Structure formats: structure tokens, C-alpha cells
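> First the structure, which I've put down as C-alpha cells, then a few questions once you've had a look.
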Amino acid sequence: MRVLVVEDERRLAETLQWGLEADGYAVDLAHDGMEGLELAQLHPYQVIVLDIMLPKLNGYRVCAALRERGVSTPILMLTAKNGEYDEAEALDTGADDFLSKPFSYVVLTARLRALTRRGAAGAAATLTFGDLVLDPAKRTCRRAGQPVALTAKEFAVLECLLRHKGQVVAKHEILEQVWDLAYRGDPNIVEVYVSALRRKLDAPFGRRTIATVRGVGYRLVADE
């Protein structure tokens, strides 16, 4: 899951980034409203965490501008303010949820999971390909009815492939969805995680599900 955090308190923003990435999210940071608005329109985020008190453009205006421009990404607003009027204004400008500072990280991540489930309303709750079943909400993976333990990044790479089944997914697309804008490492890291998935999902079950399209990327293929 790719998340945008728009927060001008850098220490808080970096703490959230560290925690969310440890939980398997790809996280981009913006420290003012204008930067957040630009990133939210450029990239396909699954959820946006948006502070209200921001320089250049406050969170209310960012949220309203995104909704006016047809961006329907779920938005969780953060604020140090308290009071029903602030909550009402956040929701009236198009936010999907509201959380006052200071907040519990456990509650924040639960809210994010709820928002992404809500944002996927009408879509399948689970992702399937043959006897392979992935449940993003429960963070579980099963093959032929058997549970398969995946790391956070392995899960995210597999989710990316399943959400594009029937298509060739380029390596740079996987990097964009699973890592973040700040990643400057070796793009071949994708190959490492695809190899790990093959060891866990294919080899034990006698399958060859993840095919390499040479020079392009990867695609899921049905067993002959």
C-alpha cells in the first residue's frame, strides 16, 4: 500500500514514515500543502494522511482542491485542534476520517486499514489467481488452502502483481508502488523479492506462477 503523509512537523512525519514502512507501507512525505497537493495528483496513493495546519496551503484547502479535481483517494486528517467544528469542517471539505493529536499509532494504522477497505468498496475483498488467495485487509496469503508466511515487502510485491493480473508489470512500476519516491537503491531489489516469492509460492506447490518477461518486467501466468 502506498501512502502520502502531508505533515510539516518533520519529526512526527519521519516517525510515521519509519513506523508505516516497518509495517510494509510505501510512504512519501510532503511538508507543506502545495507539495502535498502536487504529489497527491501525480501518484496513485491508496490513502492520504493530511495535517490541517500546514504552510503555503492548509489541509482544508488541499482536501477541497483534490475533491474538486476528481481525486477520490481516502483522506485521514490530522490536527492538534479539538472541537466539533474542526471535525465538521474537515469532513465537509471531503475528508473521510479525522484524528486529533496526540494520537495512538495503533489507532492510526487501524483507521488507515479501515479507509482502504472503504476505498475499495465494490472491489473484491480478496485477490485471487488460481489457488492463490491474498487478503490485503487481513494481511494473509494462502495457496492451495495452505497459509504462506510473507514479509511485508514480499506481500506488497505480490499484491502489486495480483492487482495487475493479466498484464505485464514493469520493474519500475513495482518500485513505484512498493517502495517510495526517496528510494535511490538498486532497482534489481525487485528481482530479490520476486525470487523470494517464487521460493515460497511456487516451488513448494509445484507451480510456476510468476513469469519474467525479459527486458520488461513480470506477469502472472496460469499453470498449463
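Identifiers in this document derive from the order of the C-alpha cells: chains are assigned A, B, ..., residues are numbered from 1 separately in each chain, and ligands are numbered from 1 in order of occurrence.
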Got a sec: who's within 10 Å of range 194-199 of chain A, counting only C-alpha atoms, leaving out chain neighbours fewer than 5 positions off, as a list in words?
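Within the cut-off, the hits are Val148, Leu150, Thr151, Glu154, Phe155, Val157, Leu158, Ile189, Pro204, Phe205, Arg207, Arg208, Thr209, Ile210, Ala211, Thr212 and Tyr218 of chain A.
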> Would you output that residue set with N, CA and C atoms, as a CSV table (one decimal), in the first residue's frame?

chain,number,residue,atom,x,y,z
A,148,VAL,N,0.7,-19.2,3.7
A,148,VAL,CA,2.1,-18.9,3.3
A,148,VAL,C,2.5,-17.6,4.0
A,150,LEU,N,4.6,-14.4,4.5
A,150,LEU,CA,5.3,-13.5,3.7
A,150,LEU,C,5.8,-12.3,4.5
A,151,THR,N,6.9,-11.7,4.2
A,151,THR,CA,7.4,-10.5,4.8
A,151,THR,C,6.5,-9.3,4.3
A,154,GLU,N,7.5,-8.6,0.6
A,154,GLU,CA,7.0,-9.7,-0.3
A,154,GLU,C,5.5,-9.6,-0.5
A,155,PHE,N,4.8,-9.4,0.6
A,155,PHE,CA,3.3,-9.2,0.5
A,155,PHE,C,3.0,-8.1,-0.5
A,157,VAL,N,4.8,-6.7,-2.9
A,157,VAL,CA,5.1,-7.0,-4.3
A,157,VAL,C,4.1,-8.0,-4.9
A,158,LEU,N,3.7,-9.0,-4.2
A,158,LEU,CA,2.6,-9.9,-4.7
A,158,LEU,C,1.3,-9.2,-4.9
A,189,ILE,N,16.5,-4.8,-6.7
A,189,ILE,CA,15.9,-5.3,-5.5
A,189,ILE,C,14.6,-6.0,-5.8
A,204,PRO,N,7.3,-24.9,-3.4
A,204,PRO,CA,6.7,-25.9,-2.6
A,204,PRO,C,5.4,-26.5,-3.1
A,205,PHE,N,4.8,-25.9,-4.1
A,205,PHE,CA,3.5,-26.3,-4.6
A,205,PHE,C,3.6,-26.8,-6.1
A,207,ARG,N,4.4,-25.1,-8.7
A,207,ARG,CA,3.8,-24.1,-9.6
A,207,ARG,C,4.9,-23.3,-10.3
A,208,ARG,N,4.5,-22.6,-11.4
A,208,ARG,CA,5.4,-21.6,-12.0
A,208,ARG,C,4.5,-20.4,-12.3
A,209,THR,N,4.2,-19.6,-11.3
A,209,THR,CA,3.2,-18.6,-11.4
A,209,THR,C,3.7,-17.2,-11.9
A,210,ILE,N,4.9,-16.9,-11.4
A,210,ILE,CA,5.5,-15.5,-11.7
A,210,ILE,C,6.5,-15.7,-12.8
A,211,ALA,N,6.1,-15.2,-14.0
A,211,ALA,CA,7.0,-15.3,-15.2
A,211,ALA,C,7.7,-14.0,-15.4
A,212,THR,N,9.0,-14.2,-15.9
A,212,THR,CA,9.8,-13.0,-16.2
A,212,THR,C,9.6,-12.7,-17.7
A,218,TYR,N,7.4,-8.5,-15.1
A,218,TYR,CA,6.8,-9.7,-14.7
A,218,TYR,C,5.3,-9.8,-14.9
> Set the distance at 12 Å and use only C-alpha atoms: which residues neighbour range 126-136 of chain A once local chain neighbours fewer than 4 positions away are removed? I'd like the list as a ChimeraX atom specification.
/A:1,24-25,113-114,116-117,120-122,140-150,152,154-166,200-202,205,207-210,219-224
> Write out as an mmCIF file with all heavy atoms, in the first residue's frame the residues lying within 12 Å of Asn58 in chain A, counting only C-alpha atoms and excluding same-chain residues fewer than 2 positions away.

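What ended up in out_34.cif:
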data_model
loop_
_atom_site.group_PDB
_atom_site.id
_atom_site.type_symbol
_atom_site.label_atom_id
_atom_site.label_comp_id
_atom_site.auth_asym_id
_atom_site.auth_seq_id
_atom_site.Cartn_x
_atom_site.Cartn_y
_atom_site.Cartn_z
ATOM 1 N N VAL A 6 1.240 14.125 4.602
ATOM 2 C CA VAL A 6 1.463 15.570 4.452
ATOM 3 C C VAL A 6 1.464 16.168 5.855
ATOM 4 O O VAL A 6 0.402 16.353 6.458
ATOM 5 C CB VAL A 6 0.380 16.229 3.568
ATOM 6 C CG1 VAL A 6 0.773 17.675 3.239
ATOM 7 C CG2 VAL A 6 0.164 15.426 2.287
ATOM 8 N N GLU A 7 2.641 16.464 6.363
ATOM 9 C CA GLU A 7 2.813 16.887 7.751
ATOM 10 C C GLU A 7 4.045 17.779 7.857
ATOM 11 O O GLU A 7 5.129 17.389 7.427
ATOM 12 C CB GLU A 7 2.967 15.648 8.647
ATOM 13 C CG GLU A 7 3.390 15.902 10.072
ATOM 14 C CD GLU A 7 2.438 16.787 10.832
ATOM 15 O OE1 GLU A 7 1.295 16.352 11.071
ATOM 16 O OE2 GLU A 7 2.842 17.918 11.171
ATOM 17 N N ASP A 8 3.874 19.012 8.399
ATOM 18 C CA ASP A 8 5.007 19.939 8.462
ATOM 19 C C ASP A 8 5.897 19.727 9.688
ATOM 20 O O ASP A 8 7.013 20.245 9.728
ATOM 21 C CB ASP A 8 4.525 21.386 8.405
ATOM 22 C CG ASP A 8 3.677 21.776 9.609
ATOM 23 O OD1 ASP A 8 2.890 20.927 10.081
ATOM 24 O OD2 ASP A 8 3.796 22.914 10.080
ATOM 25 N N HIS A 31 5.914 18.300 3.175
ATOM 26 C CA HIS A 31 5.962 19.125 4.382
ATOM 27 C C HIS A 31 5.209 20.441 4.255
ATOM 28 O O HIS A 31 5.273 21.281 5.153
ATOM 29 C CB HIS A 31 7.416 19.372 4.775
ATOM 30 C CG HIS A 31 8.171 18.114 5.092
ATOM 31 N ND1 HIS A 31 7.818 17.281 6.132
ATOM 32 C CD2 HIS A 31 9.226 17.525 4.480
ATOM 33 C CE1 HIS A 31 8.647 16.238 6.160
ATOM 34 N NE2 HIS A 31 9.495 16.355 5.170
ATOM 35 N N ASP A 32 4.510 20.637 3.144
ATOM 36 C CA ASP A 32 3.629 21.801 3.029
ATOM 37 C C ASP A 32 2.467 21.440 2.110
ATOM 38 O O ASP A 32 2.506 20.416 1.399
ATOM 39 C CB ASP A 32 4.381 23.042 2.522
ATOM 40 C CG ASP A 32 4.916 22.881 1.101
ATOM 41 O OD1 ASP A 32 4.104 22.770 0.163
ATOM 42 O OD2 ASP A 32 6.153 22.890 0.926
ATOM 43 N N GLY A 33 1.430 22.257 2.148
ATOM 44 C CA GLY A 33 0.213 21.937 1.415
ATOM 45 C C GLY A 33 0.375 21.901 -0.087
ATOM 46 O O GLY A 33 -0.216 21.056 -0.766
ATOM 47 N N MET A 34 1.181 22.796 -0.641
ATOM 48 C CA MET A 34 1.366 22.832 -2.091
ATOM 49 C C MET A 34 2.054 21.558 -2.587
ATOM 50 O O MET A 34 1.657 20.981 -3.596
ATOM 51 C CB MET A 34 2.190 24.063 -2.471
ATOM 52 C CG MET A 34 1.453 25.380 -2.281
ATOM 53 S SD MET A 34 -0.032 25.527 -3.324
ATOM 54 C CE MET A 34 0.705 25.583 -4.948
ATOM 55 N N GLU A 35 3.095 21.133 -1.863
ATOM 56 C CA GLU A 35 3.802 19.912 -2.248
ATOM 57 C C GLU A 35 2.879 18.703 -2.120
ATOM 58 O O GLU A 35 2.866 17.822 -2.982
ATOM 59 C CB GLU A 35 5.036 19.732 -1.365
ATOM 60 C CG GLU A 35 5.873 18.508 -1.721
ATOM 61 C CD GLU A 35 7.033 18.279 -0.774
ATOM 62 O OE1 GLU A 35 7.041 18.882 0.329
ATOM 63 O OE2 GLU A 35 7.922 17.480 -1.116
ATOM 64 N N GLY A 36 2.092 18.672 -1.044
ATOM 65 C CA GLY A 36 1.161 17.568 -0.859
ATOM 66 C C GLY A 36 0.127 17.493 -1.965
ATOM 67 O O GLY A 36 -0.193 16.415 -2.469
ATOM 68 N N LEU A 37 -0.403 18.644 -2.354
ATOM 69 C CA LEU A 37 -1.407 18.696 -3.418
ATOM 70 C C LEU A 37 -0.830 18.183 -4.729
ATOM 71 O O LEU A 37 -1.469 17.412 -5.450
ATOM 72 C CB LEU A 37 -1.904 20.137 -3.581
ATOM 73 C CG LEU A 37 -2.945 20.385 -4.676
ATOM 74 C CD1 LEU A 37 -4.205 19.571 -4.427
ATOM 75 C CD2 LEU A 37 -3.277 21.882 -4.761
ATOM 76 N N LEU A 50 -3.295 13.665 6.107
ATOM 77 C CA LEU A 50 -3.184 15.097 5.826
ATOM 78 C C LEU A 50 -3.366 15.932 7.090
ATOM 79 O O LEU A 50 -4.441 15.924 7.698
ATOM 80 C CB LEU A 50 -4.259 15.475 4.793
ATOM 81 C CG LEU A 50 -4.385 16.934 4.377
ATOM 82 C CD1 LEU A 50 -3.123 17.415 3.664
ATOM 83 C CD2 LEU A 50 -5.597 17.101 3.447
ATOM 84 N N ASP A 51 -2.314 16.669 7.467
ATOM 85 C CA ASP A 51 -2.419 17.580 8.600
ATOM 86 C C ASP A 51 -3.234 18.799 8.177
ATOM 87 O O ASP A 51 -3.280 19.159 6.992
ATOM 88 C CB ASP A 51 -1.017 18.009 9.038
ATOM 89 C CG ASP A 51 -1.030 18.755 10.361
ATOM 90 O OD1 ASP A 51 -1.959 18.535 11.156
ATOM 91 O OD2 ASP A 51 -0.108 19.560 10.592
ATOM 92 N N ILE A 52 -3.895 19.445 9.117
ATOM 93 C CA ILE A 52 -4.683 20.632 8.791
ATOM 94 C C ILE A 52 -3.823 21.891 8.795
ATOM 95 O O ILE A 52 -3.865 22.697 7.863
ATOM 96 C CB ILE A 52 -5.879 20.782 9.749
ATOM 97 C CG1 ILE A 52 -6.903 19.689 9.457
ATOM 98 C CG2 ILE A 52 -6.524 22.162 9.607
ATOM 99 C CD1 ILE A 52 -8.121 19.706 10.353
ATOM 100 N N MET A 53 -3.003 22.048 9.818
ATOM 101 C CA MET A 53 -2.192 23.262 9.947
ATOM 102 C C MET A 53 -0.895 23.100 9.167
ATOM 103 O O MET A 53 0.096 22.567 9.661
ATOM 104 C CB MET A 53 -1.907 23.554 11.423
ATOM 105 C CG MET A 53 -3.167 23.708 12.270
ATOM 106 S SD MET A 53 -4.266 25.032 11.673
ATOM 107 C CE MET A 53 -3.291 26.472 12.099
ATOM 108 N N LEU A 54 -0.919 23.527 7.907
ATOM 109 C CA LEU A 54 0.231 23.380 7.016
ATOM 110 C C LEU A 54 0.642 24.728 6.433
ATOM 111 O O LEU A 54 -0.213 25.598 6.221
ATOM 112 C CB LEU A 54 -0.124 22.451 5.844
ATOM 113 C CG LEU A 54 -0.378 20.978 6.142
ATOM 114 C CD1 LEU A 54 -1.006 20.314 4.926
ATOM 115 C CD2 LEU A 54 0.918 20.275 6.523
ATOM 116 N N PRO A 55 1.936 24.916 6.155
ATOM 117 C CA PRO A 55 2.354 26.134 5.456
ATOM 118 C C PRO A 55 1.918 26.111 3.989
ATOM 119 O O PRO A 55 1.667 25.050 3.424
ATOM 120 C CB PRO A 55 3.882 26.109 5.579
ATOM 121 C CG PRO A 55 4.239 24.689 5.852
ATOM 122 C CD PRO A 55 3.077 24.074 6.551
ATOM 123 N N LYS A 56 1.830 27.301 3.409
ATOM 124 C CA LYS A 56 1.503 27.533 1.990
ATOM 125 C C LYS A 56 0.041 27.248 1.653
ATOM 126 O O LYS A 56 -0.607 28.053 0.974
ATOM 127 C CB LYS A 56 2.426 26.724 1.074
ATOM 128 C CG LYS A 56 3.889 27.116 1.195
ATOM 129 C CD LYS A 56 4.747 26.412 0.163
ATOM 130 C CE LYS A 56 6.199 26.808 0.302
ATOM 131 N NZ LYS A 56 7.072 26.138 -0.676
ATOM 132 N N TYR A 60 -7.432 21.875 4.861
ATOM 133 C CA TYR A 60 -8.796 22.029 4.350
ATOM 134 C C TYR A 60 -8.778 22.340 2.849
ATOM 135 O O TYR A 60 -9.525 21.766 2.069
ATOM 136 C CB TYR A 60 -9.518 23.164 5.071
ATOM 137 C CG TYR A 60 -9.744 22.958 6.551
ATOM 138 C CD1 TYR A 60 -9.393 23.954 7.463
ATOM 139 C CD2 TYR A 60 -10.331 21.793 7.043
ATOM 140 C CE1 TYR A 60 -9.616 23.792 8.821
ATOM 141 C CE2 TYR A 60 -10.556 21.619 8.399
ATOM 142 C CZ TYR A 60 -10.193 22.627 9.288
ATOM 143 O OH TYR A 60 -10.409 22.466 10.631
ATOM 144 N N ARG A 61 -7.905 23.285 2.480
ATOM 145 C CA ARG A 61 -7.851 23.711 1.075
ATOM 146 C C ARG A 61 -7.264 22.624 0.186
ATOM 147 O O ARG A 61 -7.686 22.447 -0.960
ATOM 148 C CB ARG A 61 -7.056 25.007 0.967
ATOM 149 C CG ARG A 61 -7.736 26.191 1.663
ATOM 150 C CD ARG A 61 -6.902 27.450 1.587
ATOM 151 N NE ARG A 61 -6.734 27.901 0.217
ATOM 152 C CZ ARG A 61 -5.905 28.877 -0.144
ATOM 153 N NH1 ARG A 61 -5.158 29.488 0.773
ATOM 154 N NH2 ARG A 61 -5.805 29.257 -1.413
ATOM 155 N N VAL A 62 -6.279 21.885 0.708
ATOM 156 C CA VAL A 62 -5.719 20.774 -0.064
ATOM 157 C C VAL A 62 -6.799 19.735 -0.329
ATOM 158 O O VAL A 62 -6.991 19.271 -1.463
ATOM 159 C CB VAL A 62 -4.543 20.118 0.688
ATOM 160 C CG1 VAL A 62 -4.083 18.846 -0.027
ATOM 161 C CG2 VAL A 62 -3.374 21.097 0.813
ATOM 162 N N CYS A 63 -7.519 19.376 0.716
ATOM 163 C CA CYS A 63 -8.576 18.372 0.592
ATOM 164 C C CYS A 63 -9.653 18.822 -0.393
ATOM 165 O O CYS A 63 -10.059 18.062 -1.285
ATOM 166 C CB CYS A 63 -9.182 18.105 1.964
ATOM 167 S SG CYS A 63 -10.434 16.796 1.978
ATOM 168 N N ALA A 64 -10.110 20.058 -0.248
ATOM 169 C CA ALA A 64 -11.150 20.580 -1.136
ATOM 170 C C ALA A 64 -10.674 20.596 -2.588
ATOM 171 O O ALA A 64 -11.420 20.233 -3.511
ATOM 172 C CB ALA A 64 -11.560 21.977 -0.698
ATOM 173 N N ALA A 65 -9.413 20.997 -2.802
ATOM 174 C CA ALA A 65 -8.874 21.060 -4.168
ATOM 175 C C ALA A 65 -8.793 19.666 -4.788
ATOM 176 O O ALA A 65 -9.108 19.485 -5.973
ATOM 177 C CB ALA A 65 -7.491 21.711 -4.150
ATOM 178 N N MET A 77 -7.506 13.136 8.097
ATOM 179 C CA MET A 77 -6.978 14.438 8.524
ATOM 180 C C MET A 77 -6.452 14.369 9.954
ATOM 181 O O MET A 77 -7.082 13.792 10.836
ATOM 182 C CB MET A 77 -8.046 15.528 8.414
ATOM 183 C CG MET A 77 -8.130 16.147 7.048
ATOM 184 S SD MET A 77 -9.021 17.729 7.105
ATOM 185 C CE MET A 77 -8.746 18.292 5.428
ATOM 186 N N LEU A 78 -5.299 15.011 10.169
ATOM 187 C CA LEU A 78 -4.692 15.123 11.491
ATOM 188 C C LEU A 78 -4.685 16.588 11.913
ATOM 189 O O LEU A 78 -4.434 17.468 11.089
ATOM 190 C CB LEU A 78 -3.241 14.642 11.461
ATOM 191 C CG LEU A 78 -2.961 13.211 11.020
ATOM 192 C CD1 LEU A 78 -1.458 12.967 11.029
ATOM 193 C CD2 LEU A 78 -3.666 12.211 11.917
ATOM 194 N N THR A 79 -4.937 16.835 13.179
ATOM 195 C CA THR A 79 -4.859 18.205 13.664
ATOM 196 C C THR A 79 -4.587 18.232 15.153
ATOM 197 O O THR A 79 -4.949 17.304 15.876
ATOM 198 C CB THR A 79 -6.149 18.990 13.374
ATOM 199 O OG1 THR A 79 -6.001 20.325 13.848
ATOM 200 C CG2 THR A 79 -7.344 18.350 14.050
ATOM 201 N N ALA A 90 -13.486 19.556 8.520
ATOM 202 C CA ALA A 90 -12.655 18.564 7.839
ATOM 203 C C ALA A 90 -13.516 17.637 6.985
ATOM 204 O O ALA A 90 -13.218 17.378 5.815
ATOM 205 C CB ALA A 90 -11.857 17.763 8.860
ATOM 206 N N THR A 93 -15.178 19.337 3.891
ATOM 207 C CA THR A 93 -14.308 19.639 2.749
ATOM 208 C C THR A 93 -13.920 18.386 1.979
ATOM 209 O O THR A 93 -13.219 18.472 0.970
ATOM 210 C CB THR A 93 -13.027 20.374 3.201
ATOM 211 O OG1 THR A 93 -12.374 19.605 4.217
ATOM 212 C CG2 THR A 93 -13.345 21.753 3.726
#
> Residues of range 57-161 of chain A classed as alpha helix (DSSP H) by DSSP on the backbone are to be reported as a PyMOL selection string.
chain A and resi 59-68+84-92+105-119+152-161
> In Å, rounded to a single decimal, give me how far CA of Tyr183 in chain A is from CA of Arg111 in chain A.
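CA of Arg111 in chain A sits 26.1 Å away from CA of Tyr183 in chain A.
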> Tell me, in Å to one decimal, how far CA of Val168 in chain A is from CA of His43 in chain A.
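Between CA of Val168 in chain A and CA of His43 in chain A the gap is 19.5 Å.
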> Identify which of the residues A:Val192, A:Ile75, A:Ile174, A:Leu66 lies closest to Ala26 in chain A, counting only C-alpha atoms when measuring atom-to-atom distances.
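Using only C-alpha atoms, Ala26 in chain A sits closest to A:Ile174.
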> For Leu115 in chain A, list every protein, DNA or RNA residue within 12 Å, evaluated using only C-alpha atoms, and leave out those in the same chain fewer than 3 positions away; present the list as a ChimeraX atom specification.
/A:1,3,46-49,72-77,95-98,108-112,118-121,137
> Please determine, counting only C-alpha atoms, which residue among A:Gly19, A:Gly70, A:Pro102, A:Gly217 has the shortest atom-to-atom distance to Gln167 in chain A.
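Of all the options, A:Gly217 lies closest to Gln167 in chain A.
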> Of the candidates A:Ala30, A:Pro187, A:Val71, A:Leu91, which one gets nearest to Glu9 in chain A if we count only C-alpha atoms?
A:Ala30
> Which is closest to Leu20 in chain A among A:Leu42, A:Lys138, A:Asp86, A:Lys153, if we use only C-alpha atoms?
A:Lys153
> Out of range 85-223 of chain A, which residues get strand (DSSP E or B) from DSSP, as a PyMOL selection string?
chain A and resi 97-100+127-129+132-135+140-143+146-147+169-170+210-213+217-220
